[in-house]
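Source file coords-v8.tsv; content: TSV, C-alpha atoms and all ligand atoms.
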chain	number	residue	atom	x	y	z
A	1	MET	CA	0.00	0.00	0.00
A	2	LYS	CA	2.79	2.32	0.91
A	3	HIS	CA	4.41	1.72	-2.45
A	4	LEU	CA	1.17	2.37	-4.25
A	5	LEU	CA	0.75	5.63	-2.43
A	6	LEU	CA	4.31	6.59	-3.19
A	7	ALA	CA	3.87	5.75	-6.85
A	8	SER	CA	0.78	7.91	-7.10
A	9	THR	CA	2.54	10.72	-5.30
A	10	LEU	CA	5.39	10.59	-7.76
A	11	LEU	CA	2.98	10.52	-10.66
A	12	LEU	CA	1.23	13.58	-9.30
A	13	ALA	CA	4.58	15.26	-8.90
A	14	ALA	CA	5.53	14.38	-12.43
A	15	CYS	CA	2.24	15.71	-13.71
A	16	SER	CA	2.46	18.99	-11.92
A	17	GLY	CA	6.00	19.30	-13.19
A	18	ALA	CA	5.07	18.77	-16.79
A	19	GLU	CA	2.15	21.15	-16.52
A	20	THR	CA	4.41	23.68	-14.95
A	21	VAL	CA	7.07	23.37	-17.59
A	22	ALA	CA	4.52	24.04	-20.27
A	23	GLU	CA	3.46	27.43	-19.04
A	24	THR	CA	5.94	28.93	-16.64
A	25	SER	CA	9.58	29.48	-15.97
A	26	GLU	CA	9.77	26.42	-13.81
A	27	PRO	CA	12.57	24.16	-14.89
A	28	LYS	CA	12.52	21.33	-17.28
A	29	ALA	CA	13.25	18.19	-15.31
A	30	ALA	CA	16.05	15.94	-16.51
A	31	SER	CA	13.59	13.44	-17.93
A	32	GLU	CA	10.44	15.30	-18.60
A	33	PRO	CA	7.42	13.27	-17.64
A	34	THR	CA	5.00	12.35	-20.35
A	35	ALA	CA	2.12	11.16	-18.21
A	36	ALA	CA	0.58	14.57	-17.63
A	37	ASN	CA	-1.92	14.40	-20.41
A	38	GLN	CA	-3.02	10.93	-19.38
A	39	ALA	CA	-3.61	11.99	-15.80
A	40	ALA	CA	-5.26	15.25	-16.80
A	41	PRO	CA	-7.45	14.19	-19.68
A	42	LYS	CA	-8.78	16.72	-22.08
A	43	ALA	CA	-12.55	16.87	-22.33
A	44	ALA	CA	-13.93	13.80	-24.03
A	45	PRO	CA	-17.20	13.70	-25.94
A	46	ASN	CA	-19.95	13.96	-23.37
A	47	THR	CA	-21.74	10.72	-24.00
A	48	ALA	CA	-23.09	8.11	-21.65
A	49	GLU	CA	-20.30	5.78	-22.72
A	50	ALA	CA	-17.48	8.28	-22.10
A	51	PRO	CA	-18.30	10.57	-19.17
A	52	VAL	CA	-16.03	13.58	-18.83
A	53	LYS	CA	-13.56	13.12	-16.01
A	54	PRO	CA	-13.14	16.39	-14.15
A	55	ASN	CA	-9.69	17.98	-14.04
A	56	ILE	CA	-10.46	19.83	-10.82
A	57	THR	CA	-11.82	18.08	-7.74
A	58	SER	CA	-12.52	19.41	-4.25
A	59	GLN	CA	-11.65	18.04	-0.82
A	60	ASP	CA	-13.80	19.24	2.08
A	61	LEU	CA	-11.67	20.49	5.00
A	62	GLY	CA	-14.71	21.40	7.13
A	63	GLY	CA	-16.06	24.77	8.25
A	64	GLY	CA	-16.57	26.02	4.70
A	65	PHE	CA	-12.98	25.36	3.61
A	66	TYR	CA	-11.92	23.28	0.65
A	67	MET	CA	-8.78	22.25	-1.18
A	68	LEU	CA	-9.04	22.04	-4.97
A	69	LEU	CA	-6.87	19.35	-6.51
A	70	GLY	CA	-5.82	18.70	-10.09
A	71	PRO	CA	-3.04	19.82	-12.42
A	72	GLY	CA	-1.05	22.81	-11.14
A	73	GLY	CA	-0.70	24.11	-7.60
A	74	ASN	CA	-3.19	23.21	-4.88
A	75	ILE	CA	-5.97	25.76	-4.37
A	76	GLY	CA	-7.34	26.71	-0.94
A	77	VAL	CA	-10.93	28.00	-0.79
A	78	SER	CA	-12.72	29.78	2.06
A	79	THR	CA	-16.49	30.09	1.66
A	80	GLY	CA	-18.91	31.97	3.88
A	81	ALA	CA	-21.17	34.96	4.31
A	82	ASP	CA	-18.61	37.44	2.97
A	83	GLY	CA	-17.88	35.55	-0.22
A	84	VAL	CA	-15.10	33.33	-1.51
A	85	TYR	CA	-11.42	33.81	-0.72
A	86	MET	CA	-9.24	31.64	-2.94
A	87	ILE	CA	-5.54	30.92	-2.68
A	88	ASP	CA	-3.93	30.35	-6.09
A	89	ASP	CA	-5.74	29.52	-9.31
A	90	LYS	CA	-3.75	26.96	-11.31
A	91	PHE	CA	-3.67	27.46	-15.09
A	92	ALA	CA	-5.73	29.70	-17.38
A	93	ARG	CA	-7.22	26.74	-19.23
A	94	PHE	CA	-8.83	25.53	-15.99
A	95	GLY	CA	-10.20	28.95	-15.05
A	96	GLN	CA	-13.80	28.23	-16.02
A	97	GLU	CA	-13.71	24.77	-14.45
A	98	ILE	CA	-12.40	26.25	-11.20
A	99	ILE	CA	-15.19	28.85	-11.25
A	100	ASP	CA	-17.73	26.08	-11.88
A	101	VAL	CA	-16.40	23.93	-9.01
A	102	VAL	CA	-16.42	26.91	-6.64
A	103	ALA	CA	-20.03	27.60	-7.66
A	104	THR	CA	-20.96	24.15	-6.32
A	105	LEU	CA	-19.39	25.10	-2.96
A	106	SER	CA	-20.80	28.60	-2.55
A	107	ASP	CA	-23.43	30.82	-4.13
A	108	LYS	CA	-21.30	33.89	-3.37
A	109	PRO	CA	-18.86	35.51	-5.79
A	110	ILE	CA	-15.09	34.94	-5.73
A	111	THR	CA	-14.06	38.14	-3.94
A	112	TYR	CA	-10.32	37.64	-3.48
A	113	VAL	CA	-7.66	35.46	-5.07
A	114	LEU	CA	-4.26	35.46	-3.36
A	115	ASN	CA	-1.26	34.22	-5.34
A	116	THR	CA	1.30	32.49	-3.10
A	117	HIS	CA	3.96	33.40	-5.73
A	118	HIS	CA	4.28	34.32	-9.40
A	119	HIS	CA	4.66	30.90	-11.08
A	120	GLY	CA	2.10	30.19	-13.77
A	121	ASP	CA	0.74	27.01	-12.21
A	122	HIS	CA	-0.45	29.14	-9.24
A	123	SER	CA	-1.47	32.37	-10.98
A	124	GLY	CA	-2.37	31.27	-14.51
A	125	ALA	CA	-6.11	31.94	-14.21
A	126	ASN	CA	-5.79	35.41	-12.69
A	127	ALA	CA	-7.36	37.07	-15.73
A	128	GLU	CA	-10.34	34.69	-15.60
A	129	MET	CA	-10.79	35.39	-11.88
A	130	LYS	CA	-10.61	39.15	-12.41
A	131	ALA	CA	-13.22	38.80	-15.14
A	132	VAL	CA	-15.70	37.44	-12.58
A	133	GLY	CA	-14.95	40.30	-10.20
A	134	ALA	CA	-12.14	38.96	-8.00
A	135	THR	CA	-9.36	41.17	-6.69
A	136	VAL	CA	-5.97	39.47	-7.09
A	137	VAL	CA	-3.70	39.94	-4.09
A	138	ALA	CA	0.01	39.06	-3.74
A	139	HIS	CA	3.36	40.15	-2.43
A	140	ASP	CA	4.92	43.15	-4.21
A	141	ASN	CA	7.52	40.92	-5.89
A	142	VAL	CA	4.86	38.79	-7.55
A	143	ARG	CA	3.66	41.78	-9.53
A	144	SER	CA	7.16	43.02	-10.34
A	145	ARG	CA	8.37	39.57	-11.43
A	146	MET	CA	5.33	39.04	-13.67
A	147	GLY	CA	6.18	42.27	-15.45
A	148	LYS	CA	9.77	41.37	-16.27
A	149	THR	CA	11.51	39.23	-18.85
A	150	TYR	CA	14.44	37.43	-17.28
A	151	MET	CA	16.99	34.73	-17.94
A	152	ASN	CA	16.45	31.46	-16.16
A	153	GLN	CA	20.09	30.44	-15.70
A	154	ALA	CA	19.26	27.10	-14.13
A	155	PHE	CA	17.62	25.94	-17.32
A	156	GLY	CA	19.25	28.19	-19.86
A	157	ARG	CA	16.21	29.88	-21.26
A	158	GLN	CA	14.46	33.20	-21.20
A	159	GLN	CA	11.21	33.69	-19.34
A	160	ASP	CA	9.06	36.34	-20.99
A	161	ALA	CA	7.11	38.91	-19.01
A	162	ARG	CA	3.48	37.92	-18.55
A	163	ASP	CA	0.46	39.82	-19.77
A	164	ALA	CA	-0.69	42.67	-17.55
A	165	SER	CA	-4.14	41.06	-17.28
A	166	LEU	CA	-2.51	38.50	-14.96
A	167	TRP	CA	-0.83	40.92	-12.58
A	168	PRO	CA	-2.12	41.30	-9.03
A	169	THR	CA	-3.76	44.66	-8.35
A	170	LEU	CA	-3.45	44.68	-4.56
A	171	THR	CA	0.06	44.04	-3.24
A	172	PHE	CA	1.78	44.18	0.13
A	173	SER	CA	5.34	44.14	1.38
A	174	ASP	CA	5.44	42.23	4.64
A	175	GLU	CA	2.17	41.06	6.08
A	176	MET	CA	-1.51	41.70	5.56
A	177	THR	CA	-4.55	40.60	7.54
A	178	LEU	CA	-7.99	40.25	6.06
A	179	TRP	CA	-11.01	39.76	8.29
A	180	PHE	CA	-13.24	37.58	6.17
A	181	ASN	CA	-15.90	34.91	6.67
A	182	GLY	CA	-15.51	35.26	10.43
A	183	ASP	CA	-11.81	34.41	10.31
A	184	GLU	CA	-8.54	36.27	10.74
A	185	VAL	CA	-6.70	35.56	7.51
A	186	ARG	CA	-3.02	36.39	7.80
A	187	ALA	CA	-0.96	36.64	4.61
A	188	ILE	CA	2.67	36.44	5.70
A	189	HIS	CA	5.56	37.17	3.34
A	190	VAL	CA	8.41	34.71	3.86
A	191	PRO	CA	11.56	36.06	2.22
A	192	ALA	CA	13.75	34.25	-0.31
A	193	GLY	CA	12.41	30.69	-0.10
A	194	HIS	CA	10.84	29.07	-3.16
A	195	THR	CA	11.05	32.56	-4.76
A	196	ASP	CA	11.44	36.06	-3.30
A	197	GLY	CA	7.71	36.76	-3.46
A	198	ASP	CA	6.28	33.92	-1.39
A	199	THR	CA	3.31	34.22	0.95
A	200	ILE	CA	2.03	31.68	3.41
A	201	VAL	CA	-1.61	32.12	4.35
A	202	HIS	CA	-2.87	31.35	7.85
A	203	PHE	CA	-6.57	31.05	8.58
A	204	VAL	CA	-6.24	31.48	12.33
A	205	GLU	CA	-9.69	30.39	13.52
A	206	ALA	CA	-10.02	27.55	11.03
A	207	ASN	CA	-6.48	26.37	11.83
A	208	ILE	CA	-5.53	25.97	8.18
A	209	ILE	CA	-2.26	27.04	6.56
A	210	HIS	CA	-1.48	27.21	2.83
A	211	LEU	CA	2.28	27.09	2.25
A	212	GLY	CA	2.42	27.52	-1.51
A	213	ASP	CA	5.52	26.02	-3.11
A	214	ASN	CA	7.60	26.35	0.02
A	215	PHE	CA	6.20	22.88	0.64
A	216	PHE	CA	6.24	20.10	-1.93
A	217	ARG	CA	4.83	17.28	0.14
A	218	GLY	CA	6.48	13.89	-0.37
A	219	MET	CA	8.82	15.03	-3.12
A	220	LEU	CA	12.07	16.86	-3.58
A	221	PRO	CA	11.70	20.66	-3.40
A	222	PHE	CA	11.95	23.18	-6.21
A	223	ILE	CA	14.03	26.18	-5.19
A	224	ASP	CA	13.78	28.84	-7.91
A	225	VAL	CA	17.11	30.60	-7.39
A	226	ASP	CA	16.62	32.62	-10.59
A	227	SER	CA	13.52	34.14	-8.97
A	228	GLY	CA	15.33	34.98	-5.76
A	229	GLY	CA	14.75	31.68	-3.95
A	230	ALA	CA	17.16	29.95	-1.55
A	231	ILE	CA	17.01	26.74	0.47
A	232	GLN	CA	17.65	28.53	3.76
A	233	GLY	CA	14.54	30.66	3.18
A	234	MET	CA	12.49	27.59	2.33
A	235	ILE	CA	13.52	25.98	5.63
A	236	ASN	CA	12.66	29.25	7.39
A	237	ALA	CA	9.23	29.39	5.73
A	238	GLN	CA	8.44	25.84	6.79
A	239	GLN	CA	9.63	26.60	10.31
A	240	ILE	CA	7.32	29.64	10.51
A	241	ALA	CA	4.37	27.47	9.45
A	242	TYR	CA	5.47	24.72	11.84
A	243	ASP	CA	5.52	27.17	14.75
A	244	LEU	CA	2.02	28.40	13.83
A	245	SER	CA	0.69	24.84	13.78
A	246	ASP	CA	-0.60	22.35	16.29
A	247	ALA	CA	-1.56	18.69	16.00
A	248	ASN	CA	-4.91	19.60	14.42
A	249	THR	CA	-3.67	22.08	11.82
A	250	GLN	CA	-4.53	21.23	8.22
A	251	ILE	CA	-1.60	22.18	6.01
A	252	ILE	CA	-2.08	22.68	2.28
A	253	PRO	CA	1.19	22.21	0.38
A	254	GLY	CA	1.81	23.81	-3.02
A	255	HIS	CA	1.91	20.32	-4.49
A	256	GLY	CA	1.01	16.97	-2.94
A	257	ALA	CA	-1.64	15.80	-0.51
A	258	LEU	CA	-3.04	17.64	2.51
A	259	ALA	CA	-0.48	17.49	5.33
A	260	THR	CA	-0.06	17.69	9.11
A	261	LYS	CA	2.42	19.38	11.40
A	262	ALA	CA	4.26	16.06	11.67
A	263	ASP	CA	4.63	15.89	7.87
A	264	LEU	CA	6.01	19.41	7.88
A	265	GLY	CA	8.45	18.47	10.63
A	266	GLU	CA	9.79	15.63	8.49
A	267	SER	CA	10.14	17.99	5.56
A	268	ILE	CA	12.13	20.50	7.61
A	269	LYS	CA	14.54	17.75	8.67
A	270	ARG	CA	14.95	16.63	5.08
A	271	LEU	CA	15.61	20.15	3.77
A	272	GLN	CA	18.11	20.74	6.55
A	273	ALA	CA	19.87	17.49	5.63
A	274	ILE	CA	20.07	18.54	1.97
A	275	HIS	CA	21.48	21.91	3.01
A	276	ASP	CA	24.01	20.43	5.43
A	277	ARG	CA	25.27	17.70	3.12
A	278	VAL	CA	25.84	20.04	0.19
A	279	LYS	CA	27.40	22.70	2.41
A	280	ALA	CA	29.85	20.24	4.00
A	281	ARG	CA	31.10	19.24	0.55
A	282	MET	CA	31.33	22.84	-0.63
A	283	ASP	CA	33.27	23.73	2.51
A	284	ALA	CA	35.63	20.84	1.72
A	285	GLY	CA	36.30	22.42	-1.68
A	286	GLU	CA	34.37	19.99	-3.86
A	287	SER	CA	33.09	21.22	-7.22
A	288	LEU	CA	29.38	21.10	-8.10
A	289	GLU	CA	30.11	18.26	-10.52
A	290	ALA	CA	31.92	16.29	-7.82
A	291	ILE	CA	29.08	16.82	-5.36
A	292	ILE	CA	26.48	15.61	-7.85
A	293	ALA	CA	28.65	12.60	-8.72
A	294	ALA	CA	28.99	11.71	-5.02
A	295	ASP	CA	25.18	11.35	-4.81
A	296	PRO	CA	24.80	12.81	-1.31
A	297	LEU	CA	20.98	12.51	-1.58
A	298	ALA	CA	21.05	8.79	-2.36
A	299	ASP	CA	18.55	8.08	0.41
A	300	MET	CA	16.05	10.49	-1.21
A	301	THR	CA	15.90	8.87	-4.64
A	302	GLU	CA	12.32	7.75	-4.09
A	303	LEU	CA	11.30	11.41	-3.62
A	304	GLU	CA	12.35	12.35	-7.14
A	305	GLY	CA	9.45	13.64	-9.18
A	306	PHE	CA	9.41	16.98	-10.94
A	307	MET	CA	12.79	17.69	-9.33
A	308	LYS	CA	15.68	15.27	-9.67
A	309	LYS	CA	18.55	15.05	-7.21
A	310	PRO	CA	21.02	17.01	-9.43
A	311	ASN	CA	18.47	19.87	-9.74
A	312	VAL	CA	18.14	20.07	-5.97
A	313	ILE	CA	21.88	19.83	-5.34
A	314	THR	CA	22.52	22.57	-7.90
A	315	ALA	CA	19.86	24.87	-6.41
A	316	THR	CA	21.26	24.28	-2.92
A	317	TRP	CA	24.80	24.94	-4.13
A	318	ARG	CA	23.63	28.20	-5.73
A	319	SER	CA	21.70	29.13	-2.55
A	320	LEU	CA	24.99	28.80	-0.68
A	321	GLY	CA	26.80	31.16	-3.04
A	322	GLY	CA	27.95	28.81	-5.77
A	323	GLU	CA	27.99	30.41	-9.22
A	324	PHE	CA	28.02	28.93	-12.69
B	401	ZN	ZN	6.27	27.53	-7.88
Translate this structure into structure tokens?
Ligand SMILES: [Zn+2]
Amino acid sequence: MKHLLLASTLLLAACSGAETVAETSEPKAASEPTAANQAAPKAAPNTAEAPVKPNITSQDLGGGFYMLLGPGGNIGVSTGADGVYMIDDKFARFGQEIIDVVATLSDKPITYVLNTHHHGDHSGANAEMKAVGATVVAHDNVRSRMGKTYMNQAFGRQQDARDASLWPTLTFSDEMTLWFNGDEVRAIHVPAGHTDGDTIVHFVEANIIHLGDNFFRGMLPFIDVDSGGAIQGMINAQQIAYDLSDANTQIIPGHGALATKADLGESIKRLQAIHDRVKARMDAGESLEAIIAADPLADMTELEGFMKKPNVITATWRSLGGEF
């Protein structure tokens, strides 16, 4: 059973990776998965013989909260008397399906969409959400990064600026609290982790935290150094969420299944191990090539999905000051 679960986790990881590669700056994995289209089927003819399998499904977290699963980053949804507050919105092509799923959860409009960071698998449907009246909220750096063309050194290709229709229109620099649906919703900027524009969102009363891509549950992390990310900041972000949590906290990772504080604790230990192992070899004067060849993450092979061990070692090495 454990192996089955692991296999499905890896498949999910592979899928999200392939989806991501298609539409954002996120890196091309060493062996790009090909299963994405199988796991995320395009609409089939709507006949009795071939029912359409939904791309987007919802998981009830209780108290009017839901997690929306499917290709791209996990979505968090708060429903209630004030409206719908949504965290992330996957890809543009799923915009209408997301709106339709949310309509089955609430008869109120989508009032706010918060982007946990700028990557296209978390902010791709911003234009569609604005079109139905939502205000898109994010850290200042999300807006500035969306407006810039930049070179992704890790993967040797240029990432073009994204259309202004996608940019958030309400941004903040450090922390913002929204009082909504009877909850205190804290949006907390965590510097230089997955990117330099990451927000973790804490629904204080509901005891739910969305970590965005500072948490890839059950798989190796993606640290986007070319967007200002660093492994130390990712560990810090997870530690902040860990300290805000208790045994009952429901933790939504950017990718992977709903998690607990214990899962997050394991992840922090793993990230710290990655950091420490790469740093020890750097301190000993080993080159990046030598470190990769030594396979210091051999015990994490089964966590490879979107990210392979050499990608993670390279990102860690760059986080620690290594330069190409
Ligand atoms: Zn991301």
task = Mind checking which residues fall within 9 Å of region 82-89 of chain A, counting only C-alpha atoms, ignoring those fewer than 6 positions away in the same chain, and posting them as a VMD selection string?
result = chain A and resid 72 to 76 95 98 102 106 to 117 121 to 126 129 134 180 to 182 201 210 212
ask   = Do you know which residues are within 7 Å of ligand ZN 401 (chain B) using all atoms listed in the file? Can you write them as a list in words?
value = Glu26, His117, His119, His194 and Asp213 of chain A
query = What is the distance between CA of Val204 (chain A) and CA of Leu258 (chain A), in Å to one decimal?
reply = 17.3 Å
request  = Work out how far CA of Phe94 (chain A) is from CA of Asp196 (chain A), in Å to one decimal.
outcome  = 26.1 Å
ask   = Of the candidates A:Asn311, A:Asn236, A:Asn248, A:Ser144, which one gets nearest to Ile200 (chain A) if we count all atoms listed in the file?
value =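 Comparing A:Asn311, A:Asn236, A:Asn248, A:Ser144 against Ile200 (chain A), the winner is A:Asn236.
Comparing the minimum interatomic distances between Pro310 (chain A) and each of A:Leu244, A:Phe222, A:His139, A:Ile209, counting all atoms listed in the file, we find that A:Phe222 sits nearest.
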inquiry  = To one decimal place in Å, what is the distance between CA of Ala284 (chain A) and CA of Glu266 (chain A)?
reply    = 27.2 Å
Counting only C-alpha atoms, which residues in region 183-260 of chain A sit no more than 10 Å from region 152-163 of chain A? For each one, give the nearest pair of atoms and the distance in Å, sorted by chain then residue number, as a Markdown table.
| residue | atom | partner | partner_atom | distance |
| --- | --- | --- | --- | --- |
| A:Asp224 | CA | A:Ala154 | CA | 8.5 |
| A:Val225 | CA | A:Ala154 | CA | 7.9 |
| A:Asp226 | CA | A:Asn152 | CA | 5.7 |
| A:Ser227 | CA | A:Asn152 | CA | 8.2 |
ask   = Taking all atoms listed in the file into account, which of A:His118, A:Val137, A:Thr177, A:Leu166 comes nearest Ala92 (chain A)?
value =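 Closest to Ala92 (chain A), using all atoms listed in the file: A:Leu166.
Take the candidates A:Lys261, A:Asn141, A:Gln232, A:Ala293 and check each one against Gly321 (chain A) using all atoms listed in the file; the shortest distance goes to A:Gln232.
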query = Which residue out of A:Ile188, A:Ile99, A:Ala273, A:Met282 has the minimum interatomic distance to Leu297 (chain A) when all atoms listed in the file are used?
reply =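 Among the listed residues, the smallest separation from Leu297 (chain A) belongs to A:Ala273.
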inquiry  = When you look at Asn207 (chain A) with a cut-off of 8 Å (counting only C-alpha atoms), what residues show up, excluding the ones that are within fewer than 5 positions of it in the same chain? I need them as a VMD selection string.
reply    = chain A and resid 202 245 248 to 250
task = Excluding Ala230 (chain A) and residues on its chain fewer than 6 positions from it, collect all residues at most 7 Å away from it, counting all atoms listed in the file, and give them as a list in words.
result = Ala192, Gly193, His194, Ile223 and Ser319 of chain A
note = Nearest to Leu288 (chain A), restricted to only C-alpha atoms and choosing among A:Gln96, A:Ser267, A:Thr316, A:Ser58, comes out as A:Thr316
query = Is there a way to get, as a PyMOL selection string, all residues within 8 Å of the point (6.0, 19.5, -5.1) in file coordinates, counting only C-alpha atoms?
reply = chain A and resi 13+16+213+215-222+253-256+305-306
key: Residues near Ile291 (chain A), cut-off 12 Å, only C-alpha atoms, skip fewer than 2 positions along chain, as a PyMOL selection string   = chain A and resi 274+277-289+293-298+309-314+316-317
